[in-house]
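All remarks here apply to the structure that follows.
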Amino acid sequence: MPTGDYTIGSLVEKIVELVINPLITLLMIVGTVVFLWGLVEFLMNPDNEEKRSAGKRHMIWGIVGLFLMVSVWGIIQILCDFFETCQILGI
């Protein structure tokens with residue numbers, strides 16, 4: 001059984017390490033897969049306008065998702081640096 005001081009900071013650090021960071025990684029992967037799926041769908045159907053437009057929508061939503069994730073990550077970094085909590089959160 002581990003021994004030591006348990007604080008709110010260590011709890012938050014573990015939550016960020018074990019939940020938040022893997023979740024962010026997973027969402028970035030999902031956004032990339034959606035974009036690539038749309039690209040493949042767009043390129044593999046040059047004659048079918050319906051599938052090409054579906055591919056365009058997938059690419060757009062993949063880019064939007066990636067943009068949002070990177071933007072949120074950047075805002076979190078700015079706030080983290082401003083409040084000097086980056087070391088506490090392990091970011």
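Chain identifiers are assigned as A, B, and so on, following the order in which chains appear in the structure tokens; residues are numbered from 1 within each chain, and ligands are numbered from 1 in order of appearance.
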**Asked** Could you name the residues that touch stretch 53-65 of chain A at 12 Å or less, counting only C-alpha atoms, but leaving out those on the same chain fewer than 4 positions away, as a PyMOL selection string?
**Response** chain A and resi 24+26-49+69-72
Just-selected residues, N, CA and C atoms written as an mmCIF file, in the first residue's frame:
```cif
data_model
loop_
_atom_site.group_PDB
_atom_site.id
_atom_site.type_symbol
_atom_site.label_atom_id
_atom_site.label_comp_id
_atom_site.auth_asym_id
_atom_site.auth_seq_id
_atom_site.Cartn_x
_atom_site.Cartn_y
_atom_site.Cartn_z
ATOM 1 N N ILE A 24 -8.144 13.550 -24.237
ATOM 2 C CA ILE A 24 -7.743 14.519 -25.261
ATOM 3 C C ILE A 24 -7.082 13.799 -26.431
ATOM 4 N N LEU A 26 -7.526 10.699 -27.350
ATOM 5 C CA LEU A 26 -8.561 9.945 -28.051
ATOM 6 C C LEU A 26 -9.386 10.848 -28.963
ATOM 7 N N LEU A 27 -9.769 12.021 -28.482
ATOM 8 C CA LEU A 27 -10.559 12.942 -29.299
ATOM 9 C C LEU A 27 -9.757 13.471 -30.492
ATOM 10 N N MET A 28 -8.464 13.691 -30.323
ATOM 11 C CA MET A 28 -7.629 14.109 -31.447
ATOM 12 C C MET A 28 -7.546 12.992 -32.489
ATOM 13 N N ILE A 29 -7.432 11.762 -32.029
ATOM 14 C CA ILE A 29 -7.393 10.627 -32.955
ATOM 15 C C ILE A 29 -8.716 10.498 -33.695
ATOM 16 N N VAL A 30 -9.834 10.656 -32.986
ATOM 17 C CA VAL A 30 -11.152 10.568 -33.624
ATOM 18 C C VAL A 30 -11.299 11.660 -34.683
ATOM 19 N N GLY A 31 -10.898 12.880 -34.385
ATOM 20 C CA GLY A 31 -10.966 13.969 -35.358
ATOM 21 C C GLY A 31 -10.129 13.680 -36.593
ATOM 22 N N THR A 32 -8.949 13.128 -36.389
ATOM 23 C CA THR A 32 -8.078 12.785 -37.508
ATOM 24 C C THR A 32 -8.685 11.681 -38.352
ATOM 25 N N VAL A 33 -9.246 10.660 -37.705
ATOM 26 C CA VAL A 33 -9.866 9.546 -38.431
ATOM 27 C C VAL A 33 -11.070 10.037 -39.232
ATOM 28 N N VAL A 34 -11.889 10.907 -38.651
ATOM 29 C CA VAL A 34 -13.049 11.450 -39.372
ATOM 30 C C VAL A 34 -12.580 12.225 -40.600
ATOM 31 N N PHE A 35 -11.556 13.043 -40.444
ATOM 32 C CA PHE A 35 -11.024 13.793 -41.584
ATOM 33 C C PHE A 35 -10.508 12.847 -42.664
ATOM 34 N N LEU A 36 -9.705 11.862 -42.270
ATOM 35 C CA LEU A 36 -9.136 10.931 -43.252
ATOM 36 C C LEU A 36 -10.215 10.097 -43.922
ATOM 37 N N TRP A 37 -11.238 9.698 -43.162
ATOM 38 C CA TRP A 37 -12.347 8.945 -43.745
ATOM 39 C C TRP A 37 -13.044 9.795 -44.810
ATOM 40 N N GLY A 38 -13.268 11.051 -44.515
ATOM 41 C CA GLY A 38 -13.880 11.947 -45.491
ATOM 42 C C GLY A 38 -13.018 12.131 -46.723
ATOM 43 N N LEU A 39 -11.708 12.214 -46.529
ATOM 44 C CA LEU A 39 -10.786 12.357 -47.650
ATOM 45 C C LEU A 39 -10.843 11.130 -48.551
ATOM 46 N N VAL A 40 -10.809 9.957 -47.953
ATOM 47 C CA VAL A 40 -10.890 8.709 -48.726
ATOM 48 C C VAL A 40 -12.230 8.632 -49.447
ATOM 49 N N GLU A 41 -13.292 8.964 -48.750
ATOM 50 C CA GLU A 41 -14.628 8.944 -49.344
ATOM 51 C C GLU A 41 -14.710 9.914 -50.527
ATOM 52 N N PHE A 42 -14.113 11.070 -50.384
ATOM 53 C CA PHE A 42 -14.120 12.080 -51.444
ATOM 54 C C PHE A 42 -13.315 11.609 -52.659
ATOM 55 N N LEU A 43 -12.132 11.056 -52.413
ATOM 56 C CA LEU A 43 -11.251 10.664 -53.515
ATOM 57 C C LEU A 43 -11.668 9.369 -54.199
ATOM 58 N N MET A 44 -12.314 8.473 -53.471
ATOM 59 C CA MET A 44 -12.674 7.173 -54.048
ATOM 60 C C MET A 44 -13.979 7.210 -54.845
ATOM 61 N N ASN A 45 -14.698 8.308 -54.816
ATOM 62 C CA ASN A 45 -15.978 8.395 -55.517
ATOM 63 C C ASN A 45 -16.034 9.615 -56.438
ATOM 64 N N PRO A 46 -15.224 9.628 -57.488
ATOM 65 C CA PRO A 46 -15.228 10.812 -58.355
ATOM 66 C C PRO A 46 -16.526 10.977 -59.157
ATOM 67 N N ASP A 47 -17.270 9.893 -59.355
ATOM 68 C CA ASP A 47 -18.486 9.963 -60.164
ATOM 69 C C ASP A 47 -19.750 10.158 -59.345
ATOM 70 N N ASN A 48 -19.703 9.815 -58.082
ATOM 71 C CA ASN A 48 -20.900 9.860 -57.235
ATOM 72 C C ASN A 48 -20.891 11.154 -56.419
ATOM 73 N N GLU A 49 -21.711 12.121 -56.838
ATOM 74 C CA GLU A 49 -21.722 13.430 -56.183
ATOM 75 C C GLU A 49 -22.226 13.348 -54.749
ATOM 76 N N MET A 69 -10.217 21.255 -30.648
ATOM 77 C CA MET A 69 -9.367 20.603 -29.651
ATOM 78 C C MET A 69 -8.054 21.359 -29.461
ATOM 79 N N VAL A 70 -7.445 21.780 -30.560
ATOM 80 C CA VAL A 70 -6.184 22.520 -30.457
ATOM 81 C C VAL A 70 -6.426 23.886 -29.812
ATOM 82 N N SER A 71 -7.540 24.530 -30.143
ATOM 83 C CA SER A 71 -7.857 25.835 -29.556
ATOM 84 C C SER A 71 -8.068 25.726 -28.050
ATOM 85 N N VAL A 72 -8.832 24.737 -27.638
ATOM 86 C CA VAL A 72 -9.072 24.542 -26.201
ATOM 87 C C VAL A 72 -7.767 24.226 -25.495
#
```
**Request:** Have a look at atom CA of A:Glu13 and atom CA of A:Glu84 and let me know their distance in Å, one decimal.
**Result:**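 Distance reported for this atom pair: 14.4 Å.
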**Request:** For atom CA of A:Cys80 and atom CA of A:Ile15, quote the distance in Å rounded to one decimal.
**Result:**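 That distance, rounded to one decimal, is 16.1 Å.
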**Message:** Which of chain A end up as helix (DSSP H, G or I) when DSSP is run on this backbone - answer as a PyMOL selection string?
**Reply:** chain A and resi 8-44+49-83+86-89
Next, write the just-selected residues to a file, as an mmCIF file, in the first residue's frame, keeping C-alpha atoms as the atom set.
```
data_model
loop_
_atom_site.group_PDB
_atom_site.id
_atom_site.type_symbol
_atom_site.label_atom_id
_atom_site.label_comp_id
_atom_site.auth_asym_id
_atom_site.auth_seq_id
_atom_site.Cartn_x
_atom_site.Cartn_y
_atom_site.Cartn_z
ATOM 1 C CA ILE A 8 -6.065 17.856 -3.612
ATOM 2 C CA GLY A 9 -3.176 18.704 -5.918
ATOM 3 C CA SER A 10 -2.076 15.089 -6.146
ATOM 4 C CA LEU A 11 -5.678 14.008 -6.793
ATOM 5 C CA VAL A 12 -6.064 16.570 -9.588
ATOM 6 C CA GLU A 13 -2.699 15.529 -11.004
ATOM 7 C CA LYS A 14 -3.778 11.873 -11.123
ATOM 8 C CA ILE A 15 -7.124 12.759 -12.728
ATOM 9 C CA VAL A 16 -5.372 14.802 -15.396
ATOM 10 C CA GLU A 17 -2.787 12.084 -15.954
ATOM 11 C CA LEU A 18 -5.172 9.121 -16.053
ATOM 12 C CA VAL A 19 -8.382 10.614 -17.485
ATOM 13 C CA ILE A 20 -8.010 14.015 -19.143
ATOM 14 C CA ASN A 21 -4.801 13.475 -21.132
ATOM 15 C CA PRO A 22 -5.921 10.106 -22.596
ATOM 16 C CA LEU A 23 -9.337 11.609 -23.395
ATOM 17 C CA ILE A 24 -7.743 14.519 -25.261
ATOM 18 C CA THR A 25 -5.548 12.085 -27.179
ATOM 19 C CA LEU A 26 -8.561 9.945 -28.051
ATOM 20 C CA LEU A 27 -10.559 12.942 -29.299
ATOM 21 C CA MET A 28 -7.629 14.109 -31.447
ATOM 22 C CA ILE A 29 -7.393 10.627 -32.955
ATOM 23 C CA VAL A 30 -11.152 10.568 -33.624
ATOM 24 C CA GLY A 31 -10.966 13.969 -35.358
ATOM 25 C CA THR A 32 -8.078 12.785 -37.508
ATOM 26 C CA VAL A 33 -9.866 9.546 -38.431
ATOM 27 C CA VAL A 34 -13.049 11.450 -39.372
ATOM 28 C CA PHE A 35 -11.024 13.793 -41.584
ATOM 29 C CA LEU A 36 -9.136 10.931 -43.252
ATOM 30 C CA TRP A 37 -12.347 8.945 -43.745
ATOM 31 C CA GLY A 38 -13.880 11.947 -45.491
ATOM 32 C CA LEU A 39 -10.786 12.357 -47.650
ATOM 33 C CA VAL A 40 -10.890 8.709 -48.726
ATOM 34 C CA GLU A 41 -14.628 8.944 -49.344
ATOM 35 C CA PHE A 42 -14.120 12.080 -51.444
ATOM 36 C CA LEU A 43 -11.251 10.664 -53.515
ATOM 37 C CA MET A 44 -12.674 7.173 -54.048
ATOM 38 C CA GLU A 49 -21.722 13.430 -56.183
ATOM 39 C CA GLU A 50 -23.670 12.277 -53.100
ATOM 40 C CA LYS A 51 -20.701 10.384 -51.661
ATOM 41 C CA ARG A 52 -18.336 13.224 -52.574
ATOM 42 C CA SER A 53 -20.478 15.712 -50.654
ATOM 43 C CA ALA A 54 -20.604 13.304 -47.702
ATOM 44 C CA GLY A 55 -16.806 13.108 -47.863
ATOM 45 C CA LYS A 56 -16.592 16.904 -47.887
ATOM 46 C CA ARG A 57 -18.822 17.090 -44.801
ATOM 47 C CA HIS A 58 -16.672 14.523 -42.985
ATOM 48 C CA MET A 59 -13.506 16.424 -43.853
ATOM 49 C CA ILE A 60 -15.007 19.715 -42.686
ATOM 50 C CA TRP A 61 -16.233 18.266 -39.386
ATOM 51 C CA GLY A 62 -12.888 16.527 -38.839
ATOM 52 C CA ILE A 63 -11.059 19.835 -39.342
ATOM 53 C CA VAL A 64 -13.551 21.656 -37.093
ATOM 54 C CA GLY A 65 -13.079 19.046 -34.362
ATOM 55 C CA LEU A 66 -9.287 19.217 -34.590
ATOM 56 C CA PHE A 67 -9.373 23.021 -34.602
ATOM 57 C CA LEU A 68 -11.571 23.085 -31.501
ATOM 58 C CA MET A 69 -9.367 20.603 -29.651
ATOM 59 C CA VAL A 70 -6.184 22.520 -30.457
ATOM 60 C CA SER A 71 -7.857 25.835 -29.556
ATOM 61 C CA VAL A 72 -9.072 24.542 -26.201
ATOM 62 C CA TRP A 73 -5.655 23.058 -25.507
ATOM 63 C CA GLY A 74 -4.058 26.439 -26.312
ATOM 64 C CA ILE A 75 -6.481 28.329 -24.071
ATOM 65 C CA ILE A 76 -5.787 25.880 -21.245
ATOM 66 C CA GLN A 77 -2.048 26.399 -21.730
ATOM 67 C CA ILE A 78 -2.452 30.198 -21.617
ATOM 68 C CA LEU A 79 -4.552 30.040 -18.453
ATOM 69 C CA CYS A 80 -2.212 27.487 -16.924
ATOM 70 C CA ASP A 81 0.794 29.730 -17.579
ATOM 71 C CA PHE A 82 -1.053 32.814 -16.342
ATOM 72 C CA PHE A 83 -2.083 31.201 -13.049
ATOM 73 C CA CYS A 86 1.155 23.988 -15.143
ATOM 74 C CA GLN A 87 3.444 22.061 -12.812
ATOM 75 C CA ILE A 88 0.588 21.174 -10.481
ATOM 76 C CA LEU A 89 -1.563 19.819 -13.309
#
```
